[in-house]
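Source file coords.cif; content: mmCIF, C-alpha atoms.
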```cif
data_input
#
loop_
_atom_site.label_atom_id
_atom_site.label_comp_id
_atom_site.auth_asym_id
_atom_site.auth_seq_id
_atom_site.Cartn_x
_atom_site.Cartn_y
_atom_site.Cartn_z
CA MET A 1461 23.93 22.13 -5.53
CA ILE A 1462 21.50 22.40 -8.41
CA GLU A 1463 22.99 21.74 -11.83
CA LEU A 1464 21.39 22.44 -15.18
CA GLU A 1465 22.41 20.99 -18.53
CA TRP A 1466 20.70 21.72 -21.80
CA GLU A 1467 20.78 20.93 -25.46
CA THR A 1468 19.23 22.66 -28.46
CA ASP A 1469 18.29 20.99 -31.68
CA ARG A 1470 16.72 22.35 -34.87
CA THR A 1471 14.47 20.04 -36.84
CA GLU A 1472 11.79 20.72 -39.49
CA GLY A 1473 11.52 24.39 -38.67
CA VAL A 1474 11.25 23.84 -34.93
CA THR A 1475 13.92 24.42 -32.30
CA LEU A 1476 13.82 21.92 -29.46
CA VAL A 1477 15.33 22.79 -26.11
CA SER A 1478 15.83 19.88 -23.72
CA ALA A 1479 17.30 20.16 -20.26
CA ILE A 1480 18.24 18.04 -17.29
CA VAL A 1481 18.20 19.50 -13.78
CA THR A 1482 20.15 17.62 -11.12
CA ASN A 1483 19.80 17.98 -7.37
CA ALA A 1484 23.11 17.14 -5.71
CA LEU A 1485 21.86 18.32 -2.32
CA THR A 1486 20.68 15.99 0.41
CA THR A 1487 17.20 17.49 0.70
CA PRO A 1488 14.40 17.63 -1.90
CA GLN A 1489 14.36 20.94 -3.71
CA ILE A 1490 11.76 22.86 -5.64
CA VAL A 1491 13.57 24.38 -8.58
CA ARG A 1492 12.28 27.25 -10.71
CA ILE A 1493 13.81 27.62 -14.13
CA GLU A 1494 13.13 30.55 -16.44
CA ASN A 1495 13.30 30.32 -20.19
CA ARG A 1496 15.24 33.05 -21.95
CA VAL A 1497 13.80 32.55 -25.41
CA ASP A 1498 12.35 35.75 -26.77
CA GLY A 1499 9.55 34.31 -28.87
CA PRO A 1500 6.71 31.78 -28.86
CA LEU A 1501 7.11 28.98 -26.35
CA TRP A 1502 5.60 25.56 -26.98
CA THR A 1503 5.47 23.56 -23.77
CA PRO A 1504 4.41 19.87 -23.72
CA ASN A 1505 0.77 18.80 -24.12
CA GLY A 1506 -0.16 21.48 -26.66
CA GLU A 1507 -2.62 24.29 -26.25
CA ARG A 1508 -5.58 22.66 -24.61
CA GLN A 1509 -3.77 21.68 -21.46
CA SER A 1510 -0.30 22.81 -20.60
CA ALA A 1511 2.12 20.65 -18.63
CA PRO A 1512 1.48 21.17 -14.92
CA GLU A 1513 5.05 22.25 -14.25
CA TRP A 1514 5.02 25.06 -16.78
CA SER A 1515 3.50 28.46 -16.06
CA ASP A 1516 4.35 31.95 -17.35
CA GLY A 1517 7.30 30.62 -19.34
CA CYS A 1518 8.86 29.08 -16.24
CA TRP A 1519 9.33 25.45 -15.25
CA GLU A 1520 8.98 24.68 -11.57
CA GLY A 1521 9.26 21.18 -10.20
CA LEU A 1522 10.37 19.01 -7.31
CA VAL A 1523 13.72 17.27 -7.62
CA GLU A 1524 14.52 14.58 -5.05
CA PRO A 1525 18.02 14.45 -3.55
CA ASN A 1526 20.62 12.86 -5.84
CA ARG A 1527 18.08 12.64 -8.63
CA CYS A 1528 17.71 14.45 -11.88
CA ARG A 1529 14.69 15.37 -13.96
CA GLY A 1530 14.35 16.15 -17.60
CA PHE A 1531 12.08 18.65 -19.29
CA GLY A 1532 11.95 20.63 -22.46
CA PHE A 1533 10.04 22.86 -24.82
CA ALA A 1534 9.96 23.83 -28.44
CA THR A 1535 9.96 27.17 -30.24
CA PRO A 1536 9.74 28.20 -33.90
CA MET A 1537 12.64 30.64 -33.40
CA GLU A 1538 15.81 30.06 -35.42
CA LEU A 1539 18.64 28.39 -33.52
CA ALA A 1540 20.76 31.52 -33.84
CA ALA A 1541 17.96 33.63 -32.35
CA VAL A 1542 17.65 31.43 -29.27
CA ALA A 1543 19.42 32.93 -26.30
CA ASP A 1544 22.49 31.15 -24.97
CA PRO A 1545 21.90 29.88 -22.36
CA PRO A 1546 18.22 29.34 -23.19
CA LEU A 1547 17.39 28.53 -19.56
CA ALA A 1548 18.43 29.80 -16.17
CA VAL A 1549 17.76 28.64 -12.62
CA THR A 1550 16.07 31.56 -10.90
CA GLU A 1551 15.07 30.01 -7.61
CA THR A 1552 15.65 26.91 -5.52
CA ARG A 1553 14.04 26.24 -2.21
CA ARG A 1554 13.89 23.29 0.09
CA ALA A 1555 10.67 21.31 -0.33
CA SER A 1556 8.57 20.82 2.78
CA ASN A 1557 8.59 17.44 4.44
CA ASP A 1558 5.02 16.75 3.47
CA ARG A 1559 5.78 13.64 1.46
CA ALA A 1560 6.21 9.91 2.00
CA PRO A 1561 9.18 9.23 4.27
CA GLU A 1562 11.70 6.47 3.65
CA PRO A 1563 10.63 3.03 4.96
CA THR A 1564 13.67 2.93 7.25
CA ASP A 1565 12.49 6.18 8.88
CA VAL A 1566 9.00 4.73 9.26
CA PHE A 1567 10.33 1.60 10.91
CA ALA A 1568 12.59 3.61 13.18
CA SER A 1569 9.53 5.42 14.51
CA MET A 1570 7.63 2.21 15.25
CA ALA A 1571 7.63 0.23 18.47
CA ASP A 1572 9.90 -2.77 18.41
CA TRP A 1573 8.06 -6.01 17.93
CA ARG A 1574 7.94 -8.37 20.87
CA PRO A 1575 5.43 -10.81 22.27
CA PRO A 1576 3.08 -8.79 24.47
CA LEU A 1577 2.50 -9.78 28.08
CA GLU A 1578 -0.99 -11.06 27.43
CA SER A 1579 0.45 -13.74 25.16
CA LEU A 1580 1.62 -15.50 28.31
CA GLU A 1581 -1.95 -16.50 28.92
CA ARG A 1582 -2.23 -17.90 25.44
CA VAL A 1583 0.65 -20.32 25.69
CA ARG A 1584 -0.73 -23.77 25.35
CA MET B 1126 -0.50 -10.19 -5.25
CA ILE B 1127 -0.20 -9.71 -1.47
CA VAL B 1128 -3.14 -8.09 0.34
CA ALA B 1129 -2.74 -7.05 3.98
CA VAL B 1130 -5.94 -7.07 6.03
CA SER B 1131 -5.20 -4.51 8.72
CA GLY B 1132 -6.98 -2.02 10.92
CA GLY B 1133 -5.13 -1.23 14.10
CA LYS B 1134 -7.73 -2.19 16.68
CA GLY B 1135 -8.19 -5.73 17.91
CA GLY B 1136 -11.50 -7.53 17.72
CA VAL B 1137 -12.93 -5.66 14.73
CA GLY B 1138 -13.05 -8.78 12.54
CA LYS B 1139 -9.78 -8.76 10.58
CA SER B 1140 -9.51 -12.55 10.78
CA THR B 1141 -13.09 -13.05 9.59
CA VAL B 1142 -12.49 -10.75 6.63
CA SER B 1143 -9.12 -12.45 5.91
CA LEU B 1144 -10.59 -15.92 5.89
CA ASN B 1145 -13.52 -14.97 3.68
CA LEU B 1146 -11.38 -12.95 1.29
CA GLY B 1147 -8.95 -15.86 1.12
CA ARG B 1148 -11.83 -18.08 0.02
CA GLU B 1149 -13.14 -15.55 -2.49
CA LEU B 1150 -9.72 -14.79 -4.02
CA ASP B 1151 -8.42 -18.37 -3.82
CA ALA B 1152 -5.48 -17.02 -1.82
CA VAL B 1153 -3.22 -18.43 0.86
CA VAL B 1154 -4.29 -16.82 4.15
CA VAL B 1155 -1.27 -16.08 6.33
CA ASP B 1156 -2.00 -15.65 10.03
CA GLY B 1157 0.31 -12.71 10.67
CA ASP B 1158 -0.55 -12.52 14.36
CA LEU B 1159 2.53 -14.07 15.92
CA THR B 1160 1.34 -14.01 19.51
CA THR B 1161 -2.41 -14.31 19.54
CA ALA B 1162 -3.28 -16.43 16.54
CA ASP B 1163 -6.86 -16.06 15.36
CA LEU B 1164 -6.96 -18.55 12.53
CA PRO B 1165 -6.94 -22.34 12.80
CA ARG B 1166 -3.83 -24.22 13.80
CA GLY B 1167 -2.25 -26.48 11.23
CA HIS B 1168 -0.92 -29.99 11.36
CA GLY B 1169 2.70 -29.33 10.47
CA PRO B 1170 5.15 -26.47 10.87
CA ASP B 1171 3.78 -22.95 11.39
CA LEU B 1172 4.81 -19.34 10.74
CA HIS B 1173 7.03 -19.32 13.86
CA ASP B 1174 9.02 -22.20 12.40
CA VAL B 1175 9.23 -20.45 9.03
CA LEU B 1176 10.37 -17.14 10.55
CA ALA B 1177 12.95 -18.94 12.68
CA GLY B 1178 14.34 -20.60 9.55
CA ARG B 1179 13.25 -24.06 10.68
CA ALA B 1180 10.74 -24.72 7.92
CA ASP B 1181 10.12 -23.86 4.31
CA PRO B 1182 7.11 -21.53 3.78
CA LEU B 1183 5.53 -23.92 1.30
CA GLU B 1184 5.61 -26.95 3.58
CA ALA B 1185 3.90 -24.91 6.29
CA ILE B 1186 0.84 -24.21 4.13
CA ASP B 1187 -2.13 -26.22 5.28
CA ARG B 1188 -5.68 -26.53 4.03
CA HIS B 1189 -8.86 -26.22 6.03
CA GLN B 1190 -11.86 -27.08 3.88
CA ALA B 1191 -11.77 -24.70 0.91
CA VAL B 1192 -9.10 -22.30 2.22
CA ARG B 1193 -5.31 -22.60 2.25
CA PHE B 1194 -3.63 -21.33 5.43
CA LEU B 1195 -0.23 -20.60 6.79
CA PRO B 1196 -1.03 -20.92 10.51
CA ALA B 1197 0.70 -18.95 13.25
CA GLY B 1198 2.48 -20.72 16.07
CA ARG B 1199 1.02 -20.97 19.54
CA THR B 1200 4.02 -20.81 21.82
CA LEU B 1201 5.76 -17.86 23.41
CA ALA B 1202 9.16 -19.42 22.75
CA GLY B 1203 8.22 -19.70 19.08
CA ALA B 1204 7.13 -16.06 18.97
CA ARG B 1205 10.41 -15.00 20.60
CA ALA B 1206 12.46 -16.98 18.11
CA ALA B 1207 10.60 -15.56 15.11
CA ASP B 1208 12.53 -13.01 13.09
CA VAL B 1209 9.88 -10.62 11.73
CA THR B 1210 12.34 -8.98 9.35
CA THR B 1211 12.31 -12.16 7.23
CA LEU B 1212 8.52 -11.89 6.80
CA PRO B 1213 8.61 -9.92 3.52
CA ARG B 1214 10.79 -12.59 1.91
CA VAL B 1215 8.49 -15.35 3.15
CA LEU B 1216 5.37 -13.60 1.83
CA GLU B 1217 6.98 -12.94 -1.54
CA ARG B 1218 8.00 -16.58 -1.83
CA ILE B 1219 4.42 -17.74 -1.18
CA GLU B 1220 3.15 -15.19 -3.67
CA ARG B 1221 5.54 -16.46 -6.34
CA GLU B 1222 4.55 -20.08 -5.79
CA CYS B 1223 0.86 -19.81 -4.96
CA GLY B 1224 -0.38 -16.59 -6.55
CA ARG B 1225 -2.44 -14.58 -4.13
CA VAL B 1226 -1.68 -14.06 -0.46
CA VAL B 1227 -3.96 -12.51 2.17
CA VAL B 1228 -2.15 -11.50 5.38
CA ASP B 1229 -4.23 -11.26 8.53
CA CYS B 1230 -2.36 -8.48 10.38
CA PRO B 1231 -2.29 -8.31 14.17
CA ALA B 1232 -3.76 -5.43 16.15
CA GLY B 1233 -1.55 -2.50 17.03
CA LEU B 1234 1.08 -0.69 15.05
CA ALA B 1235 4.36 -2.32 15.99
CA ARG B 1236 7.03 -3.31 13.50
CA ASP B 1237 5.50 -6.66 12.63
CA VAL B 1238 2.54 -4.80 11.10
CA GLY B 1239 5.02 -2.48 9.38
CA HIS B 1240 6.73 -5.41 7.67
CA GLN B 1241 3.39 -6.87 6.61
CA LEU B 1242 2.14 -3.58 5.18
CA GLU B 1243 5.43 -2.95 3.44
CA SER B 1244 5.30 -6.37 1.75
CA ALA B 1245 1.73 -5.96 0.56
CA GLN B 1246 0.70 -4.36 -2.73
CA MET B 1247 -2.47 -3.08 -1.13
CA THR B 1248 -4.34 -3.19 2.14
CA VAL B 1249 -7.95 -3.61 3.19
CA LEU B 1250 -8.74 -1.73 6.39
CA VAL B 1251 -11.26 -3.35 8.71
CA THR B 1252 -13.07 -1.28 11.31
CA THR B 1253 -16.29 -1.37 13.26
CA PRO B 1254 -18.43 1.78 13.11
CA THR B 1255 -17.16 3.02 16.47
CA GLU B 1256 -15.06 6.10 17.01
CA SER B 1257 -12.08 4.32 18.58
CA ALA B 1258 -11.92 1.69 15.84
CA LEU B 1259 -12.19 4.34 13.11
CA ALA B 1260 -9.40 6.35 14.75
CA ASP B 1261 -7.15 3.28 14.84
CA ALA B 1262 -7.98 2.50 11.23
CA LEU B 1263 -6.95 6.04 10.29
CA ARG B 1264 -3.62 5.59 12.05
CA THR B 1265 -3.09 2.34 10.16
CA ARG B 1266 -3.97 4.12 6.92
CA ARG B 1267 -1.32 6.76 7.63
CA LEU B 1268 1.27 4.05 8.22
CA ALA B 1269 0.24 2.18 5.07
CA LEU B 1270 0.55 5.33 2.97
CA ASP B 1271 3.93 6.15 4.52
CA LEU B 1272 5.04 2.70 3.38
CA GLU B 1273 3.49 3.37 -0.04
CA THR B 1274 0.82 0.68 0.29
CA PRO B 1275 -2.50 2.00 -1.02
CA VAL B 1276 -5.83 1.29 0.68
CA ALA B 1277 -8.03 -0.78 -1.64
CA ALA B 1278 -11.16 -0.67 0.53
CA VAL B 1279 -12.46 0.04 4.01
CA VAL B 1280 -14.69 -2.65 5.49
CA LEU B 1281 -17.23 -1.34 8.00
CA ASN B 1282 -17.68 -4.56 9.89
CA ARG B 1283 -20.63 -5.34 12.14
CA ALA B 1284 -22.38 -2.24 10.92
CA ASP B 1285 -26.12 -2.27 10.34
CA ALA B 1286 -27.52 -0.69 7.19
CA ALA B 1287 -28.33 2.57 9.03
CA ALA B 1288 -24.75 2.94 10.27
CA VAL B 1289 -23.37 2.26 6.79
CA ASP B 1290 -25.73 4.87 5.31
CA ARG B 1291 -24.69 7.36 7.93
CA LEU B 1292 -20.94 6.73 7.74
CA ALA B 1293 -20.06 5.49 4.25
CA ASP B 1294 -19.73 8.90 2.60
CA ARG B 1295 -17.62 10.37 5.34
CA VAL B 1296 -15.43 7.27 5.58
CA GLU B 1297 -14.86 7.29 1.82
CA ARG B 1298 -13.88 10.93 1.88
CA THR B 1299 -11.60 10.58 4.91
CA PHE B 1300 -9.93 7.35 3.86
CA GLY B 1301 -9.92 7.98 0.12
CA ALA B 1302 -11.18 4.44 -0.55
CA PRO B 1303 -14.59 2.81 -1.02
CA ALA B 1304 -16.38 1.78 2.17
CA ILE B 1305 -18.18 -1.57 2.17
CA GLY B 1306 -20.44 -2.57 5.06
CA ILE B 1307 -20.80 -6.07 6.49
CA GLU B 1308 -23.75 -6.45 8.80
CA GLU B 1309 -23.51 -8.23 12.08
CA ARG B 1310 -25.05 -11.63 11.60
CA SER B 1311 -24.94 -14.77 13.65
CA ALA B 1312 -24.23 -16.68 10.43
CA VAL B 1313 -20.90 -14.86 10.02
CA ALA B 1314 -19.84 -15.57 13.59
CA ASP B 1315 -20.95 -19.18 13.36
CA ALA B 1316 -19.02 -19.81 10.13
CA GLN B 1317 -15.93 -18.20 11.69
CA ARG B 1318 -16.22 -20.46 14.75
CA ARG B 1319 -15.94 -23.39 12.41
CA TRP B 1320 -13.06 -21.73 10.49
CA ARG B 1321 -15.13 -21.76 7.34
CA ALA B 1322 -16.03 -19.10 4.82
CA VAL B 1323 -19.58 -17.78 5.17
CA ARG B 1324 -20.18 -18.65 1.52
CA ASP B 1325 -19.57 -22.36 2.23
CA VAL B 1326 -21.89 -22.55 5.23
CA TYR B 1327 -24.57 -19.92 4.62
CA PRO B 1328 -24.48 -19.11 0.90
CA ASN B 1329 -27.58 -16.92 1.17
CA CYS B 1330 -26.25 -14.68 3.93
CA GLY B 1331 -25.97 -11.00 2.98
CA ALA B 1332 -22.35 -10.92 4.13
CA VAL B 1333 -21.42 -13.15 1.18
CA ASP B 1334 -22.30 -10.37 -1.26
CA ALA B 1335 -20.40 -7.80 0.78
CA ILE B 1336 -17.26 -9.97 0.85
CA ARG B 1337 -17.61 -10.54 -2.87
CA THR B 1338 -17.75 -6.76 -3.41
CA VAL B 1339 -14.50 -6.33 -1.49
CA ALA B 1340 -12.89 -9.15 -3.50
CA ARG B 1341 -14.00 -7.62 -6.82
CA ARG B 1342 -12.56 -4.31 -5.71
CA ILE B 1343 -9.20 -5.99 -4.93
CA GLU B 1344 -9.25 -7.72 -8.31
CA ARG B 1345 -9.83 -4.40 -10.07
CA CYS B 1346 -6.90 -2.85 -8.18
CA GLU B 1347 -4.81 -5.90 -9.05
CA LYS B 1348 -5.66 -5.52 -12.71
CA ARG B 1349 -4.80 -1.83 -12.68
CA LEU B 1350 -1.47 -2.59 -11.03
CA SER B 1351 -0.65 -5.34 -13.53
CA ASP B 1352 -1.65 -3.14 -16.46
CA ARG B 1353 0.67 -0.48 -15.19
CA ILE B 1354 3.75 -2.47 -14.33
CA GLY B 1355 3.24 -5.65 -16.32
CA VAL B 1356 3.34 -8.06 -13.39
CA VAL B 1357 1.88 -8.41 -9.93
#
```
Any chance you could give the structure as structure tokens?
Amino acid sequence: MIELEWETDRTEGVTLVSAIVTNALTTPQIVRIENRVDGPLWTPNGERQSAPEWSDGCWEGLVEPNRCRGFGFATPMELAAVADPPLAVTETRRASNDRAPEPTDVFASMADWRPPLESLERVR
Amino acid sequence: MIVAVSGGKGGVGKSTVSLNLGRELDAVVVDGDLTTADLPRGHGPDLHDVLAGRADPLEAIDRHQAVRFLPAGRTLAGARAADVTTLPRVLERIERECGRVVVDCPAGLARDVGHQLESAQMTVLVTTPTESALADALRTRRLALDLETPVAAVVLNRADAAAVDRLADRVERTFGAPAIGIEERSAVADAQRRWRAVRDVYPNCGAVDAIRTVARRIERCEKRLSDRIGVV
């Protein structure tokens, strides 16, 4: 199950929205989260380069099993004008297996170590 | 820092590179080949004894001229009694006490190599410029990356300048690491026969510069790692 928690905070004329997305499933998931704020959206890293996980007002990122990830954005909108909830999970899909496997899986796939036959000739 | 010198195929020169890198980096060279040792034998206990819990890793470290070694055992009974799963702990202990460790990995891709690669912070792949050796090196690279051990450099061993020119670009692209060529020279083989670093026997040999380039590359990776996580 994918869980989403958020918090909003107003400081110096800026509303900050911070969220934590948790993957309680046993497989890695790519989660897409839409923002519901009707107004300017300030994602991390400013204007020159936007955070890689943000595009078109949506956050999309990989969450490993039993892990959580945090993200957030800011907006000049008043707290009262920010939609509640400000974020919504719109899509989750299982990530492909194209990533580093666990060491135990790697070892399980390897041949057991034992002295090879040719070592008999090397015994001195 | 623990550096694994690996490459998959036997006879490509992993032990030569290990010994010379050990000299250049002032590291303890661990002969990780538990059945067909390629580095000199010591005078006291060996890696078999350490992996069987019969000896302390530090008392098994020997010195041959300018290089410190942890020799491998020479008996089949010793190889059978060795518990390879304790290898990471042994290597980390030596690293803590002695600083740098260079592990000369055996050929093949069995679990002993897996434990060595998993313990290491980085690996140097050694290959000759032949298709079969390059294919084995690629398989080793895949394993290293699966175990999250990055490749610091690819050594094209016994490659003449023309082969290095022809292959270096492609190797760098395929392996995602700098390729450094070491030419075939009788001086390198002769120094290895005497278990000595090329630098100590033939300081003017071109291979000395090549080894130094690999060592500098490892030191840069080491520095980047320590800058990032604070310790190596």
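Put simply, the PyMOL selection byres ((chain B) within 7 of (chain A)) on this file hits B:Thr1160, B:Thr1161, B:Arg1199, B:Thr1200, B:Leu1201, B:Ala1204, B:Arg1205, B:Ala1235, B:Arg1236, B:Asp1237, B:Gly1239, B:Asp1271, B:Leu1272.
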Practice task
Would you translate the PyMOL selection byres ((chain B and resi 1225-1227) around 7) into the concrete set of residues it matches in this file, as a VMD selection string?
Solution key: chain B and resid 1126 to 1130 1143 1147 1152 to 1155 1220 1223 to 1224 1228 to 1229
Exercise for the section: Identify all residues satisfying the PyMOL selection byres ((chain B and resi 1241) around 8) in the given file; provide them as a PyMOL selection string. Expected result: chain B and resi 1129+1157+1212-1213+1228+1230+1237-1240+1242-1245
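Going from atom CA of A:Pro1545 over to atom CA of A:Leu1476, you cover 13.4 Å.
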Exercise for the section: For the point (16.8, 34.3, -29.1) in the file's frame, write as a ChimeraX atom specification all residues with an atom no more than 6 Å away, counting only C-alpha atoms. Expected result: /A:1497-1498,1541-1543
Handout entry: Two-atom distance - atom CA of A:Gly1473, atom CA of A:Arg1496 (Å)
Key = 19.2 Å
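Taking atom CA of A:Ala1484 and atom CA of A:Ser1515 as endpoints, the distance between them is 24.9 Å.
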